[in-house]
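This is input.csv (CSV, N, CA and C atoms).
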```
chain,number,residue,atom,x,y,z
J,1,MET,N,174.2,78.3,225.5
J,1,MET,CA,174.2,79.0,226.8
J,1,MET,C,172.8,79.6,227.1
J,2,LEU,N,172.4,79.5,228.3
J,2,LEU,CA,171.1,80.0,228.7
J,2,LEU,C,171.1,81.5,228.9
J,3,THR,N,170.1,82.2,228.6
J,3,THR,CA,169.9,83.6,228.9
J,3,THR,C,169.6,83.7,230.3
J,4,GLU,N,169.7,84.9,230.9
J,4,GLU,CA,169.3,85.2,232.3
J,4,GLU,C,167.8,84.9,232.5
J,5,LYS,N,167.0,85.2,231.5
J,5,LYS,CA,165.6,84.9,231.5
J,5,LYS,C,165.3,83.4,231.7
J,6,ALA,N,166.0,82.6,230.8
J,6,ALA,CA,165.9,81.2,230.9
J,6,ALA,C,166.4,80.6,232.2
J,7,LYS,N,167.5,81.1,232.7
J,7,LYS,CA,168.0,80.6,234.0
J,7,LYS,C,167.0,80.9,235.1
J,8,LEU,N,166.4,82.1,235.1
J,8,LEU,CA,165.4,82.4,236.1
J,8,LEU,C,164.2,81.5,236.0
J,9,MET,N,163.7,81.2,234.8
J,9,MET,CA,162.6,80.4,234.6
J,9,MET,C,162.9,79.0,235.0
J,10,ASN,N,164.1,78.5,234.8
J,10,ASN,CA,164.5,77.1,235.2
J,10,ASN,C,164.5,77.0,236.8
J,11,MET,N,165.0,78.1,237.4
J,11,MET,CA,165.0,78.1,238.9
J,11,MET,C,163.6,78.1,239.4
J,12,LEU,N,162.7,78.9,238.8
J,12,LEU,CA,161.3,79.0,239.2
J,12,LEU,C,160.6,77.6,239.0
J,13,SER,N,160.9,77.0,237.9
J,13,SER,CA,160.3,75.7,237.6
J,13,SER,C,160.7,74.7,238.6
J,14,ALA,N,162.0,74.7,239.0
J,14,ALA,CA,162.5,73.7,239.9
J,14,ALA,C,161.8,73.9,241.3
J,15,GLU,N,161.7,75.1,241.7
J,15,GLU,CA,161.1,75.4,243.0
J,15,GLU,C,159.6,75.1,243.0
J,16,GLN,N,158.9,75.4,241.9
J,16,GLN,CA,157.5,75.0,241.8
J,16,GLN,C,157.3,73.5,241.8
J,17,PHE,N,158.2,72.8,241.1
J,17,PHE,CA,158.1,71.3,241.1
J,17,PHE,C,158.3,70.8,242.5
J,18,ALA,N,159.3,71.2,243.2
J,18,ALA,CA,159.6,70.7,244.6
J,18,ALA,C,158.4,71.0,245.5
J,19,ALA,N,157.8,72.2,245.4
J,19,ALA,CA,156.7,72.6,246.3
J,19,ALA,C,155.5,71.7,245.9
J,20,TRP,N,155.3,71.4,244.7
J,20,TRP,CA,154.1,70.6,244.3
J,20,TRP,C,154.3,69.1,244.7
J,21,GLU,N,155.5,68.6,244.6
J,21,GLU,CA,155.8,67.2,245.0
J,21,GLU,C,155.6,67.1,246.5
J,22,LEU,N,156.1,68.1,247.2
J,22,LEU,CA,155.9,68.1,248.7
J,22,LEU,C,154.4,68.2,249.1
J,23,HIS,N,153.7,69.0,248.3
J,23,HIS,CA,152.2,69.1,248.5
J,23,HIS,C,151.6,67.8,248.4
J,24,LEU,N,151.9,67.0,247.3
J,24,LEU,CA,151.3,65.7,247.1
J,24,LEU,C,151.7,64.8,248.2
J,25,TYR,N,153.0,64.8,248.6
J,25,TYR,CA,153.4,63.9,249.8
J,25,TYR,C,152.6,64.3,251.0
J,26,LEU,N,152.4,65.5,251.3
J,26,LEU,CA,151.7,65.9,252.5
J,26,LEU,C,150.2,65.5,252.5
J,27,ASP,N,149.7,65.3,251.3
J,27,ASP,CA,148.3,64.7,251.2
J,27,ASP,C,148.2,63.4,252.0
J,28,THR,N,149.2,62.6,252.0
J,28,THR,CA,149.2,61.3,252.6
J,28,THR,C,150.0,61.3,253.9
J,29,HIS,N,150.8,62.3,254.2
J,29,HIS,CA,151.7,62.4,255.4
J,29,HIS,C,151.5,63.8,256.0
J,30,PRO,N,150.4,64.2,256.4
J,30,PRO,CA,150.1,65.5,256.9
J,30,PRO,C,150.9,65.9,258.2
J,31,CYS,N,151.3,64.9,258.9
J,31,CYS,CA,152.0,65.2,260.2
J,31,CYS,C,153.5,65.2,260.1
J,32,ASP,N,154.0,65.1,258.9
J,32,ASP,CA,155.5,65.2,258.7
J,32,ASP,C,155.9,66.6,258.7
J,33,LYS,N,156.4,67.0,259.9
J,33,LYS,CA,156.8,68.4,260.1
J,33,LYS,C,158.0,68.9,259.2
J,34,ASN,N,158.9,68.0,259.0
J,34,ASN,CA,160.0,68.3,258.1
J,34,ASN,C,159.5,68.6,256.7
J,35,ALA,N,158.6,67.8,256.2
J,35,ALA,CA,158.0,68.0,254.9
J,35,ALA,C,157.2,69.3,254.8
J,36,VAL,N,156.5,69.7,255.9
J,36,VAL,CA,155.8,70.9,256.0
J,36,VAL,C,156.8,72.1,255.8
J,37,ARG,N,157.9,72.0,256.6
J,37,ARG,CA,158.9,73.1,256.5
J,37,ARG,C,159.5,73.2,255.1
J,38,MET,N,159.8,72.1,254.5
J,38,MET,CA,160.4,72.1,253.2
J,38,MET,C,159.4,72.7,252.2
J,39,HIS,N,158.1,72.3,252.3
J,39,HIS,CA,157.1,72.8,251.4
J,39,HIS,C,157.0,74.4,251.6
J,40,GLU,N,157.0,74.8,252.8
J,40,GLU,CA,156.9,76.3,253.0
J,40,GLU,C,158.1,77.0,252.4
J,41,LYS,N,159.3,76.4,252.6
J,41,LYS,CA,160.5,77.0,252.0
J,41,LYS,C,160.5,77.0,250.5
J,42,HIS,N,160.1,75.9,249.9
J,42,HIS,CA,160.1,75.9,248.4
J,42,HIS,C,159.0,76.8,247.9
J,43,SER,N,157.8,76.8,248.5
J,43,SER,CA,156.7,77.7,248.1
J,43,SER,C,157.1,79.2,248.2
J,44,ALA,N,157.8,79.5,249.3
J,44,ALA,CA,158.2,80.9,249.5
J,44,ALA,C,159.3,81.3,248.4
J,45,ARG,N,160.2,80.4,248.2
J,45,ARG,CA,161.2,80.7,247.2
J,45,ARG,C,160.6,80.8,245.8
J,46,ALA,N,159.6,79.9,245.5
J,46,ALA,CA,159.0,80.0,244.2
J,46,ALA,C,158.2,81.4,244.0
J,47,LYS,N,157.6,81.8,245.1
J,47,LYS,CA,156.9,83.1,245.1
J,47,LYS,C,157.9,84.2,244.8
J,48,GLU,N,159.1,84.2,245.5
J,48,GLU,CA,160.1,85.2,245.3
J,48,GLU,C,160.6,85.2,243.8
J,49,LEU,N,160.8,84.0,243.3
J,49,LEU,CA,161.3,83.9,241.9
J,49,LEU,C,160.3,84.4,240.9
J,50,ARG,N,159.0,84.0,241.2
J,50,ARG,CA,157.9,84.4,240.3
J,50,ARG,C,157.8,85.9,240.3
J,51,GLU,N,157.9,86.6,241.4
J,51,GLU,CA,157.8,88.0,241.5
J,51,GLU,C,159.0,88.7,240.8
J,52,GLU,N,160.2,88.1,241.0
J,52,GLU,CA,161.4,88.6,240.3
J,52,GLU,C,161.2,88.5,238.8
J,53,TYR,N,160.7,87.3,238.3
J,53,TYR,CA,160.6,87.1,236.9
J,53,TYR,C,159.6,88.1,236.3
J,54,GLU,N,158.4,88.3,237.0
J,54,GLU,CA,157.4,89.1,236.5
J,54,GLU,C,157.8,90.6,236.5
J,55,LYS,N,158.6,91.0,237.5
J,55,LYS,CA,159.1,92.3,237.5
J,55,LYS,C,160.0,92.6,236.3
J,56,LYS,N,160.8,91.6,236.0
J,56,LYS,CA,161.8,91.8,234.9
J,56,LYS,C,161.2,91.6,233.5
J,57,TYR,N,160.3,90.6,233.4
J,57,TYR,CA,159.9,90.1,232.1
J,57,TYR,C,158.4,90.2,231.8
J,58,GLY,N,157.6,90.6,232.8
J,58,GLY,CA,156.2,90.7,232.6
J,58,GLY,C,155.4,89.5,233.2
J,59,PRO,N,154.1,89.5,233.2
J,59,PRO,CA,153.3,88.5,233.8
J,59,PRO,C,153.5,87.1,233.2
J,60,LEU,N,153.4,86.1,234.0
J,60,LEU,CA,153.5,84.7,233.5
J,60,LEU,C,152.2,84.2,233.1
J,61,THR,N,151.1,84.6,233.7
J,61,THR,CA,149.8,84.2,233.4
J,61,THR,C,148.8,85.4,233.3
J,62,THR,N,147.6,85.1,232.9
J,62,THR,CA,146.6,86.1,232.8
J,62,THR,C,146.1,86.5,234.2
J,63,ARG,N,146.4,85.7,235.2
J,63,ARG,CA,146.0,85.9,236.6
J,63,ARG,C,146.9,86.9,237.3
J,64,THR,N,148.1,87.1,236.8
J,64,THR,CA,149.0,88.0,237.4
J,64,THR,C,149.1,89.3,236.7
J,65,GLY,N,149.6,90.3,237.3
J,65,GLY,CA,149.6,91.6,236.7
J,65,GLY,C,148.3,92.3,236.9
J,66,GLU,N,148.1,93.4,236.1
J,66,GLU,CA,146.9,94.2,236.2
J,66,GLU,C,146.2,94.1,234.9
J,67,GLY,N,145.1,93.5,234.8
J,67,GLY,CA,144.3,93.4,233.6
J,67,GLY,C,145.0,92.6,232.5
J,68,CYS,N,145.1,93.2,231.3
J,68,CYS,CA,145.6,92.4,230.2
J,68,CYS,C,147.0,92.9,229.8
J,69,GLU,N,147.9,93.2,230.8
J,69,GLU,CA,149.2,93.6,230.5
J,69,GLU,C,150.0,92.6,229.6
J,70,TRP,N,149.7,91.3,229.8
J,70,TRP,CA,150.4,90.2,229.1
J,70,TRP,C,150.2,90.3,227.6
J,71,VAL,N,149.1,90.9,227.2
J,71,VAL,CA,148.8,91.0,225.8
J,71,VAL,C,149.6,92.2,225.2
J,72,LYS,N,149.9,93.2,226.0
J,72,LYS,CA,150.6,94.3,225.5
J,72,LYS,C,152.1,94.1,225.2
J,73,ALA,N,152.6,93.1,225.9
J,73,ALA,CA,154.1,92.8,225.7
J,73,ALA,C,154.3,92.2,224.3
J,74,PRO,N,155.5,92.3,223.8
J,74,PRO,CA,155.8,91.7,222.5
J,74,PRO,C,155.6,90.2,222.6
J,75,TRP,N,155.1,89.7,221.5
J,75,TRP,CA,154.9,88.3,221.3
J,75,TRP,C,156.2,87.6,221.1
J,76,PRO,N,156.4,86.3,221.4
J,76,PRO,CA,157.7,85.7,221.3
J,76,PRO,C,158.4,85.9,219.9
J,77,TRP,N,157.6,85.9,218.8
J,77,TRP,CA,158.1,86.0,217.5
J,77,TRP,C,158.5,87.5,217.2
J,78,GLU,N,158.0,88.4,218.1
J,78,GLU,CA,158.4,89.8,217.9
J,78,GLU,C,159.7,90.2,218.6
J,79,LYS,N,160.2,89.3,219.4
J,79,LYS,CA,161.4,89.5,220.1
J,79,LYS,C,162.6,89.0,219.3
J,80,GLY,N,163.8,89.4,219.7
J,80,GLY,CA,165.0,89.0,219.0
J,80,GLY,C,165.6,87.8,219.7
J,81,GLU,N,165.0,87.1,220.7
J,81,GLU,CA,165.6,86.0,221.4
J,81,GLU,C,165.5,84.7,220.6
```
Would it be possible to restate this file's structure as structure tokens?
Amino acid sequence: MLTEKAKLMNMLSAEQFAAWELHLYLDTHPCDKNAVRMHEKHSARAKELREEYEKKYGPLTTRTGEGCEWVKAPWPWEKGE
């Protein structure tokens, strides 16, 4: 059974994947308005999920958060998961 954290990460990954695939499609089909709308929808949802994840579990990358917060969090082997 997946933890809430894993479920959230799976949802985020799916939205990021969909946004990236649409981005690639739009490289060759820039006038496809439906694809543009879908890209905007998936990108916005990925942003929401990333913000929710980082609020609950900390920064996902060194580019998010303030400074080196990600180093201060417990390392994976220091957690009980």
Report task. Find the distance between atom N of Leu60 of chain J and atom N of Ala14 of chain J and write it in Å to one decimal. Result ->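 Taking atom N of Leu60 of chain J as the start and atom N of Ala14 of chain J as the end point, the length is 15.1 Å.
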Requested in this report: Fewer than 3 positions away in the same chain doesn't count, so skip those; otherwise give me all residues within 8 Å of Ser43 of chain J, counting only N, CA and C atoms, as a PyMOL selection string.
Outcome: chain J and resi 15-16+18-20+37-40+46-49
So that I have them on file, write out the residues from the current selection with N, CA and C atoms, as a short mmCIF file (atom, residue, chain, number, x, y, z; two decimals), in the frame of the given file.
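Wrote it out as part32.cif, contents follow:
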```cif
data_model
loop_
_atom_site.label_atom_id
_atom_site.label_comp_id
_atom_site.auth_asym_id
_atom_site.auth_seq_id
_atom_site.Cartn_x
_atom_site.Cartn_y
_atom_site.Cartn_z
N GLU J 15 161.70 75.10 241.70
CA GLU J 15 161.10 75.40 243.00
C GLU J 15 159.60 75.10 243.00
N GLN J 16 158.90 75.40 241.90
CA GLN J 16 157.50 75.00 241.80
C GLN J 16 157.30 73.50 241.80
N ALA J 18 159.30 71.20 243.20
CA ALA J 18 159.60 70.70 244.60
C ALA J 18 158.40 71.00 245.50
N ALA J 19 157.80 72.20 245.40
CA ALA J 19 156.70 72.60 246.30
C ALA J 19 155.50 71.70 245.90
N TRP J 20 155.30 71.40 244.70
CA TRP J 20 154.10 70.60 244.30
C TRP J 20 154.30 69.10 244.70
N ARG J 37 157.90 72.00 256.60
CA ARG J 37 158.90 73.10 256.50
C ARG J 37 159.50 73.20 255.10
N MET J 38 159.80 72.10 254.50
CA MET J 38 160.40 72.10 253.20
C MET J 38 159.40 72.70 252.20
N HIS J 39 158.10 72.30 252.30
CA HIS J 39 157.10 72.80 251.40
C HIS J 39 157.00 74.40 251.60
N GLU J 40 157.00 74.80 252.80
CA GLU J 40 156.90 76.30 253.00
C GLU J 40 158.10 77.00 252.40
N ALA J 46 159.60 79.90 245.50
CA ALA J 46 159.00 80.00 244.20
C ALA J 46 158.20 81.40 244.00
N LYS J 47 157.60 81.80 245.10
CA LYS J 47 156.90 83.10 245.10
C LYS J 47 157.90 84.20 244.80
N GLU J 48 159.10 84.20 245.50
CA GLU J 48 160.10 85.20 245.30
C GLU J 48 160.60 85.20 243.80
N LEU J 49 160.80 84.00 243.30
CA LEU J 49 161.30 83.90 241.90
C LEU J 49 160.30 84.40 240.90
#
```
**Report entry** atom CA of Leu26 of chain J to atom N of His42 of chain J, straight-line distance in Å
**Finding:**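 Those two atoms sit 13.3 Å apart.
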Query raised in the report: Tell me, which residues of chain J carry DSSP helix (DSSP H, G or I), written as number ranges by chain?
Result: J: 4-28, 33-57, 69-72, 76-78
Requested in this report: Have a look at atom N of Tyr25 of chain J and atom CA of Asn10 of chain J and let me know their distance in Å, one decimal.
Outcome: 21.5 Å
Query raised in the report: So, counting all atoms listed in the file, which residue among J:Pro76, J:His23, J:Met1, J:Phe17 is closest to Ala35 of chain J?
Result: J:His23
Requested in this report: Tell me which of J:Lys33, J:Arg50, J:Lys55, J:Lys79 sits closest to Ser13 of chain J, counting all atoms listed in the file.
Outcome: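 The closest residue to Ser13 of chain J is J:Arg50.
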